[in-house]
Each structure stands twice: as C-alpha cells, then as structure tokens.
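Raw contents of model_4.cif, mmCIF, C-alpha atoms:
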data_entry
loop_
_atom_site.group_PDB
_atom_site.id
_atom_site.type_symbol
_atom_site.label_atom_id
_atom_site.label_comp_id
_atom_site.auth_asym_id
_atom_site.auth_seq_id
_atom_site.Cartn_x
_atom_site.Cartn_y
_atom_site.Cartn_z
ATOM 1 C CA MET A 200 -107.881 -1.567 -97.933
ATOM 2 C CA VAL A 201 -105.203 0.944 -98.799
ATOM 3 C CA GLN A 202 -105.150 2.965 -102.000
ATOM 4 C CA THR A 203 -101.492 3.093 -103.015
ATOM 5 C CA ARG A 204 -99.732 5.270 -105.523
ATOM 6 C CA HIS A 205 -97.831 2.444 -107.172
ATOM 7 C CA PHE A 206 -99.691 -0.777 -106.532
ATOM 8 C CA GLY A 207 -103.343 0.207 -106.808
ATOM 9 C CA GLN A 208 -105.697 -0.853 -104.065
ATOM 10 C CA ILE A 209 -104.161 -3.407 -101.764
ATOM 11 C CA ASN A 210 -105.800 -5.544 -99.159
ATOM 12 C CA VAL A 211 -103.929 -5.270 -95.883
ATOM 13 C CA GLU A 212 -104.382 -8.067 -93.394
ATOM 14 C CA GLU A 213 -103.925 -6.948 -89.805
ATOM 15 C CA ASP A 214 -101.426 -9.674 -89.009
ATOM 16 C CA LYS A 215 -99.176 -8.623 -91.894
ATOM 17 C CA ILE A 216 -98.667 -5.091 -90.591
ATOM 18 C CA ILE A 217 -95.150 -4.314 -89.426
ATOM 19 C CA ASN A 218 -94.844 -1.675 -86.749
ATOM 20 C CA PHE A 219 -91.963 0.792 -86.909
ATOM 21 C CA ARG A 220 -92.054 2.370 -83.457
ATOM 22 C CA ASP A 221 -89.858 5.282 -84.524
ATOM 23 C CA GLY A 222 -90.999 5.461 -88.143
ATOM 24 C CA MET A 223 -88.304 5.827 -90.784
ATOM 25 C CA PRO A 224 -85.827 8.730 -90.748
ATOM 26 C CA GLY A 225 -87.567 11.524 -92.668
ATOM 27 C CA PHE A 226 -90.934 9.760 -92.260
ATOM 28 C CA THR A 227 -91.364 9.597 -88.519
ATOM 29 C CA ASN A 228 -95.145 10.054 -88.613
ATOM 30 C CA MET A 229 -95.744 6.796 -90.419
ATOM 31 C CA LYS A 230 -95.433 3.807 -88.140
ATOM 32 C CA ASN A 231 -97.112 0.958 -89.983
ATOM 33 C CA TYR A 232 -96.016 -0.772 -93.150
ATOM 34 C CA VAL A 233 -96.564 -3.913 -95.140
ATOM 35 C CA LEU A 234 -93.848 -5.754 -96.990
ATOM 36 C CA LEU A 235 -94.880 -6.464 -100.560
ATOM 37 C CA THR A 236 -93.106 -9.072 -102.623
ATOM 38 C CA ASN A 237 -92.646 -9.269 -106.326
ATOM 39 C CA GLU A 238 -94.772 -12.383 -106.797
ATOM 40 C CA GLU A 239 -96.991 -11.016 -109.504
ATOM 41 C CA ASN A 240 -94.507 -11.629 -112.284
ATOM 42 C CA GLN A 241 -93.288 -14.932 -110.901
ATOM 43 C CA LYS A 242 -89.716 -13.796 -110.730
ATOM 44 C CA GLU A 243 -87.525 -14.262 -107.760
ATOM 45 C CA GLY A 244 -85.934 -10.873 -107.903
ATOM 46 C CA PRO A 245 -84.113 -9.450 -104.894
ATOM 47 C CA PHE A 246 -86.518 -6.503 -104.589
ATOM 48 C CA PHE A 247 -89.320 -5.883 -102.128
ATOM 49 C CA TRP A 248 -91.557 -2.946 -101.311
ATOM 50 C CA LEU A 249 -92.206 -1.396 -97.971
ATOM 51 C CA GLN A 250 -95.606 0.210 -98.361
ATOM 52 C CA SER A 251 -96.964 2.599 -95.745
ATOM 53 C CA VAL A 252 -100.412 1.634 -94.508
ATOM 54 C CA GLU A 253 -101.117 5.153 -93.307
ATOM 55 C CA ASP A 254 -100.155 6.979 -96.488
ATOM 56 C CA GLY A 255 -100.595 5.237 -99.822
ATOM 57 C CA ASP A 256 -98.110 7.624 -101.429
ATOM 58 C CA VAL A 257 -95.238 6.443 -99.239
ATOM 59 C CA ALA A 258 -93.387 3.333 -100.372
ATOM 60 C CA PHE A 259 -89.754 2.297 -100.323
ATOM 61 C CA ALA A 260 -88.026 -0.036 -102.730
ATOM 62 C CA LEU A 261 -85.969 -2.510 -100.725
ATOM 63 C CA VAL A 262 -83.349 -5.019 -101.726
ATOM 64 C CA ASN A 263 -82.335 -8.235 -100.029
ATOM 65 C CA PRO A 264 -78.666 -7.310 -99.556
ATOM 66 C CA HIS A 265 -77.419 -10.879 -99.411
ATOM 67 C CA ALA A 266 -78.487 -11.474 -102.995
ATOM 68 C CA VAL A 267 -75.895 -8.932 -104.103
ATOM 69 C CA TYR A 268 -73.492 -8.738 -101.173
ATOM 70 C CA PRO A 269 -73.162 -12.243 -99.718
ATOM 71 C CA ASP A 270 -70.761 -11.035 -97.019
ATOM 72 C CA TYR A 271 -72.904 -8.139 -95.881
ATOM 73 C CA SER A 272 -73.178 -8.164 -92.116
ATOM 74 C CA PRO A 273 -73.851 -4.785 -90.540
ATOM 75 C CA GLU A 274 -72.897 -4.354 -86.945
ATOM 76 C CA VAL A 275 -75.826 -2.926 -85.015
ATOM 77 C CA LYS A 276 -75.809 -2.325 -81.289
ATOM 78 C CA ASP A 277 -78.158 -4.745 -79.545
ATOM 79 C CA GLU A 278 -79.763 -1.970 -77.566
ATOM 80 C CA TYR A 279 -80.914 -0.226 -80.761
ATOM 81 C CA VAL A 280 -82.912 -3.271 -81.729
ATOM 82 C CA ASP A 281 -84.092 -4.514 -78.333
ATOM 83 C CA PHE A 282 -87.615 -3.343 -79.034
ATOM 84 C CA LEU A 283 -87.860 -5.607 -82.071
ATOM 85 C CA GLY A 284 -88.247 -8.390 -79.531
ATOM 86 C CA HIS A 285 -85.918 -11.074 -78.320
ATOM 87 C CA THR A 286 -85.559 -13.594 -81.030
ATOM 88 C CA THR A 287 -82.982 -15.593 -82.862
ATOM 89 C CA ALA A 288 -81.127 -14.290 -85.884
ATOM 90 C CA ALA A 289 -83.386 -16.465 -88.023
ATOM 91 C CA ASP A 290 -86.402 -14.278 -87.238
ATOM 92 C CA LEU A 291 -84.631 -11.132 -88.301
ATOM 93 C CA SER A 292 -84.785 -10.095 -91.954
ATOM 94 C CA VAL A 293 -82.415 -7.497 -93.318
ATOM 95 C CA PHE A 294 -83.289 -5.120 -96.155
ATOM 96 C CA ASN A 295 -81.772 -1.949 -97.567
ATOM 97 C CA VAL A 296 -83.473 1.067 -99.076
ATOM 98 C CA VAL A 297 -82.879 1.576 -102.793
ATOM 99 C CA VAL A 298 -83.019 4.928 -104.553
ATOM 100 C CA VAL A 299 -84.105 4.428 -108.159
ATOM 101 C CA PRO A 300 -83.692 7.414 -110.490
ATOM 102 C CA GLU A 301 -85.043 7.541 -114.066
ATOM 103 C CA ASP A 302 -81.970 5.721 -115.321
ATOM 104 C CA ILE A 303 -82.021 2.503 -113.388
ATOM 105 C CA LYS A 304 -78.289 2.053 -113.924
ATOM 106 C CA ASP A 305 -77.709 4.920 -111.500
ATOM 107 C CA MET A 306 -79.661 3.368 -108.670
ATOM 108 C CA THR A 307 -78.042 3.304 -105.251
ATOM 109 C CA VAL A 308 -78.527 1.303 -102.091
ATOM 110 C CA ASN A 309 -78.077 2.514 -98.543
ATOM 111 C CA LEU A 310 -75.850 -0.099 -96.932
ATOM 112 C CA ARG A 311 -75.064 2.055 -93.928
ATOM 113 C CA ALA A 312 -78.589 2.081 -92.524
ATOM 114 C CA PRO A 313 -80.250 -1.323 -92.929
ATOM 115 C CA ILE A 314 -83.893 -2.044 -92.169
ATOM 116 C CA LEU A 315 -84.340 -4.862 -89.704
ATOM 117 C CA ILE A 316 -87.665 -6.642 -89.490
ATOM 118 C CA ASN A 317 -88.581 -9.237 -86.924
ATOM 119 C CA GLN A 318 -91.034 -11.425 -88.807
ATOM 120 C CA THR A 319 -92.329 -12.999 -85.603
ATOM 121 C CA THR A 320 -93.085 -9.894 -83.559
ATOM 122 C CA LYS A 321 -93.885 -7.854 -86.701
ATOM 123 C CA ARG A 322 -91.694 -4.997 -85.610
ATOM 124 C CA GLY A 323 -89.187 -3.135 -87.707
ATOM 125 C CA ALA A 324 -86.631 -0.353 -87.602
ATOM 126 C CA GLN A 325 -84.138 1.404 -89.805
ATOM 127 C CA VAL A 326 -80.917 1.600 -87.839
ATOM 128 C CA ILE A 327 -77.548 3.183 -88.470
ATOM 129 C CA SER A 328 -74.872 0.517 -88.443
ATOM 130 C CA GLU A 329 -71.466 1.002 -86.872
ATOM 131 C CA ASN A 330 -69.771 0.115 -90.164
ATOM 132 C CA GLN A 331 -68.352 3.303 -91.568
ATOM 133 C CA GLU A 332 -67.117 1.355 -94.593
ATOM 134 C CA TYR A 333 -70.716 0.782 -95.743
ATOM 135 C CA ALA A 334 -71.801 3.528 -98.120
ATOM 136 C CA ILE A 335 -75.069 5.410 -97.888
ATOM 137 C CA ARG A 336 -75.082 5.607 -101.689
ATOM 138 C CA GLN A 337 -73.601 2.405 -103.072
ATOM 139 C CA TYR A 338 -74.125 1.900 -106.819
ATOM 140 C CA LEU A 339 -76.285 -1.180 -106.894
ATOM 141 C CA TYR A 340 -76.785 -1.846 -110.590
ATOM 142 C CA GLN A 341 -73.088 -2.323 -111.284
ATOM 143 C CA ASP A 342 -72.711 -4.527 -108.248
ATOM 144 C CA MET A 343 -75.622 -6.686 -109.394
ATOM 145 C CA GLU A 344 -74.074 -7.034 -112.842
ATOM 146 C CA GLN A 345 -70.767 -8.008 -111.300
ATOM 147 C CA MET A 346 -72.430 -10.527 -109.017
ATOM 148 C CA LYS A 347 -74.238 -12.056 -111.994
ATOM 149 C CA LYS A 348 -70.977 -12.326 -113.897
ATOM 150 C CA LYS A 349 -69.254 -13.998 -110.981
ATOM 151 C CA PHE A 350 -72.155 -16.411 -110.629
ATOM 152 C CA GLU A 351 -72.054 -17.305 -114.326
ATOM 153 C CA GLU A 352 -68.312 -17.841 -114.236
ATOM 154 C CA GLY A 353 -68.660 -20.016 -111.153
ATOM 155 C CA GLY A 354 -71.244 -22.154 -112.946
ATOM 156 C CA LYS A 355 -68.895 -23.064 -115.781
ATOM 157 C CA MET B 75 -82.274 26.836 -78.223
ATOM 158 C CA LEU B 76 -80.222 26.934 -75.056
ATOM 159 C CA ALA B 77 -76.566 27.918 -75.413
ATOM 160 C CA LEU B 78 -74.133 27.234 -72.571
ATOM 161 C CA SER B 79 -70.440 28.087 -72.261
ATOM 162 C CA ARG B 80 -68.321 25.230 -70.983
ATOM 163 C CA LYS B 81 -64.614 24.811 -70.386
ATOM 164 C CA LYS B 82 -62.505 21.756 -71.037
ATOM 165 C CA GLY B 83 -63.401 19.040 -68.538
ATOM 166 C CA GLU B 84 -66.821 20.513 -67.744
ATOM 167 C CA SER B 85 -70.110 18.768 -68.437
ATOM 168 C CA ILE B 86 -73.756 19.284 -69.237
ATOM 169 C CA MET B 87 -76.545 17.054 -67.994
ATOM 170 C CA ILE B 88 -79.575 16.449 -70.202
ATOM 171 C CA GLY B 89 -82.298 14.971 -68.041
ATOM 172 C CA GLN B 90 -81.206 12.488 -65.396
ATOM 173 C CA ASP B 91 -78.994 10.226 -67.384
ATOM 174 C CA ILE B 92 -77.398 11.911 -70.389
ATOM 175 C CA GLU B 93 -74.080 13.577 -69.714
ATOM 176 C CA ILE B 94 -72.041 15.491 -72.277
ATOM 177 C CA THR B 95 -68.463 16.329 -71.389
ATOM 178 C CA ILE B 96 -66.048 18.609 -73.231
ATOM 179 C CA VAL B 97 -62.941 16.454 -73.363
ATOM 180 C CA ASP B 98 -60.660 18.632 -75.426
ATOM 181 C CA ILE B 99 -60.599 21.869 -77.388
ATOM 182 C CA GLN B 100 -58.169 22.414 -80.266
ATOM 183 C CA ALA B 101 -58.621 25.513 -82.442
ATOM 184 C CA ASP B 102 -62.049 25.077 -84.123
ATOM 185 C CA GLN B 103 -62.570 21.482 -83.041
ATOM 186 C CA VAL B 104 -63.978 20.160 -79.796
ATOM 187 C CA LYS B 105 -63.892 16.592 -78.596
ATOM 188 C CA ILE B 106 -67.080 15.591 -76.841
ATOM 189 C CA ALA B 107 -67.771 12.552 -74.679
ATOM 190 C CA ILE B 108 -71.363 11.397 -74.433
ATOM 191 C CA SER B 109 -72.649 9.182 -71.693
ATOM 192 C CA ALA B 110 -76.220 8.072 -72.361
ATOM 193 C CA PRO B 111 -78.470 5.088 -71.673
ATOM 194 C CA ARG B 112 -77.794 2.253 -74.078
ATOM 195 C CA SER B 113 -81.129 2.681 -75.832
ATOM 196 C CA VAL B 114 -80.357 6.258 -76.903
ATOM 197 C CA GLN B 115 -78.927 6.399 -80.405
ATOM 198 C CA VAL B 116 -76.046 8.832 -80.770
ATOM 199 C CA HIS B 117 -74.867 9.714 -84.273
ATOM 200 C CA ARG B 118 -73.149 12.547 -86.081
ATOM 201 C CA LYS B 119 -75.875 14.799 -87.428
ATOM 202 C CA GLU B 120 -74.617 14.709 -91.020
ATOM 203 C CA ILE B 121 -75.013 10.919 -91.165
ATOM 204 C CA PHE B 122 -78.529 11.163 -89.839
ATOM 205 C CA LEU B 123 -79.421 13.922 -92.316
ATOM 206 C CA GLN B 124 -78.001 11.927 -95.223
ATOM 207 C CA ILE B 125 -80.151 8.945 -94.313
ATOM 208 C CA GLN B 126 -83.256 11.145 -94.105
ATOM 209 C CA GLN B 127 -82.363 12.593 -97.483
ATOM 210 C CA GLU B 128 -81.859 9.159 -99.068
ATOM 211 C CA ASN B 129 -85.215 7.966 -97.722
ATOM 212 C CA LYS B 130 -86.911 11.003 -99.244
ATOM 213 C CA ALA B 131 -85.151 10.387 -102.558
ATOM 214 C CA ALA B 132 -86.230 6.725 -102.396
ATOM 215 C CA ASN B 133 -89.843 7.852 -102.245
ATOM 216 C CA THR B 134 -89.766 9.756 -105.512
ATOM 217 C CA ILE B 135 -89.540 6.553 -107.564
ATOM 218 C CA SER B 136 -91.623 6.610 -110.763
ATOM 219 C CA ASP B 137 -93.947 3.834 -111.911
ATOM 220 C CA LYS B 138 -91.696 3.402 -114.935
ATOM 221 C CA SER B 139 -88.693 2.719 -112.722
ATOM 222 C CA ILE B 140 -90.740 0.281 -110.650
ATOM 223 C CA GLU B 141 -91.545 -1.696 -113.775
ATOM 224 C CA LYS B 142 -87.877 -1.759 -114.727
ATOM 225 C CA LEU B 143 -86.916 -2.871 -111.238
ATOM 226 C CA LYS B 144 -89.341 -5.774 -111.421
ATOM 227 C CA GLU B 145 -87.550 -7.029 -114.519
ATOM 228 C CA LEU B 146 -84.201 -7.189 -112.763
ATOM 229 C CA LYS B 147 -82.934 -10.416 -111.322
#
Representation of the structure as structure tokens:
Amino acid sequence: MVQTRHFGQINVEEDKIINFRDGMPGFTNMKNYVLLTNEENQKEGPFFWLQSVEDGDVAFALVNPHAVYPDYSPEVKDEYVDFLGHTTAADLSVFNVVVVPEDIKDMTVNLRAPILINQTTKRGAQVISENQEYAIRQYLYQDMEQMKKKFEEGGK
Amino acid sequence: MLALSRKKGESIMIGQDIEITIVDIQADQVKIAISAPRSVQVHRKEIFLQIQQENKAANTISDKSIEKLKELK
C-alpha cells in the first residue's frame, strides 16, 4: 500500500511495478513507479499517471503522444534503451511528461525527452531523443484542440 | 573539480574508455570530440538541466488541475 498525495491510498501489486534503473532526471533517488490509468471516470482520455512507489508525493502526469501527435516518432539511440530488455516495438510504450499549471490551457508537454516503458520486462527510462525539433515545452492544450478539430472535420 | 589546460589536438582520458579531444578553438568557443562507450549518454548540459527542471515543474501539479485533466479527451 502506498499513501499518495493525489490518489489516496493505492494498492500496488508487485508485478505492476516498473523499474527505472536511473530514476527520472531530477528524481534520481526514486527507481520504482506504477502507471495509473484514468479508468475511474470511464473516459478514454490520453492521460496517465506515473506514481512513485517510494514517495507518495512524487507523481508525473503523462500523455500518450500518439493521441495528439500521430506522427510522433522520437529517435533514441538503441544503446540508451538496451537495459529495457530486448523486445519488439510492440512491447515498448511511449509517454511524455506534462506540466500542468493552474490554467490548464497553458499546459506543456516535453516531446524532447520521452519516457519509454517496456511492458514485458517492466523497465522504464526517460531518455533524451536526438530530435532537436521536438520541444521541451510544447503547448499541449492548443494542439489537442487542433487535433480534435481536424478529427471532427475528417468525420464529416 | 579538476581543471586541466589542453591545446588544440590534445586529449583527456576519463577512466579507461572515455576520451575527450579539443578539436578546435575559435575565440570563446571550443569544439570538443567525445569518444565514449555506446551506453554512456552525452548531452549538452543545458538540455539536461531543462529536462530536470520540467520534471520538477511537472510534480507541482495541484489536485484541481488533476481533476481538470481527467475531464479532457
């Protein structure tokens, strides 16, 4: 059981724990996380939560980048992710850290440094991609609105 | 912190397998070549610091913002 700041007491099953060997930049002491989904309100939003198991106060909002940026494909050197375990691309999930200020319209996503999680080996890492064109602070709200608009237009 | 003076073309070894060579010097800019094992991540410090900073900012999210985020599709 972990007492969390945002999600109350959560039950952590051992086999759900994702190990970040190097921690996250700025949070190198915390190595173990669980990925929480947004099931409770039955909505299939693009957001997830990476909750530290070691410190209930530490949690990151994550977004599934492909929901907003269908062409997103960060280039990451193989050797940076070797320790995630040798697997196929299908085992690897990609997420990006979201910074959410009081006004949600100003929220940004870090596209430069994606989080890669191997769902089979339960190992994860935040890596710096080679793509200099990906912003560290990309305005996400506007991009989501635009994506929605495009989707609606496409449906007509 | 160790400070070493090096001339153009000279190198520094860090451990057995990391080599840093001064390739060129122009006014206040130096060009550095780094030879390191493939598993060693090499990045400009400012990028690394920015990512640390963003992660710290990401952790200051309020419960109110979390609720708003959950509403978004």
*Contacts of region 78-89 of chain B at 10 Å or less, counting only C-alpha atoms, minus same-chain residues fewer than 2 places along, as a list in words?*
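In the requested format, the answer is Met75, Leu76, Asp91, Ile92, Glu93, Ile94, Thr95, Ile96, Val97, Asp98, Ile99, Val104, Lys105, Ile106, Ala107, Ile108, Ser109 and Ala110 of chain B.
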*Provide as a ChimeraX atom specification the residues of chain A at most 9 Å from chain B, counting all atoms listed in the file.*
/A:204-205,223-226,237,240,242-246,256-260,276-281,296-303,309,311-312,327,335-336,343,347
*Point-to-point distance from CA of Tyr333 (chain A) to CA of Asn263 (chain A), Å rounded to tenths*: 15.3 Å
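In this comparison, which uses all atoms listed in the file, the residue of A:Gln208, A:Thr319, A:Asn218, A:Asn228 approaching Gly255 (chain A) most closely is A:Gln208.
Taking CA of Gln202 (chain A) as the reference point, CA of Leu235 (chain A) is found at 14.0 Å.
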*asked:* Would you compute the distance between CA of Pro264 (chain A) and CA of Lys349 (chain A)? Give it in Å to one decimal.
replied: 16.2 Å
*Contacts of region 271-273 of chain A at 12 Å or less, counting only C-alpha atoms, minus same-chain residues fewer than 4 places along, as number ranges by chain?*
A: 263-267, 277, 288, 292-295, 309-315, 326-334
*For Thr203 (chain A), which residue out of A:Thr236, A:Gln341, A:Gln250, A:Gln318 is the nearest one, using only C-alpha atoms?*
A:Gln250
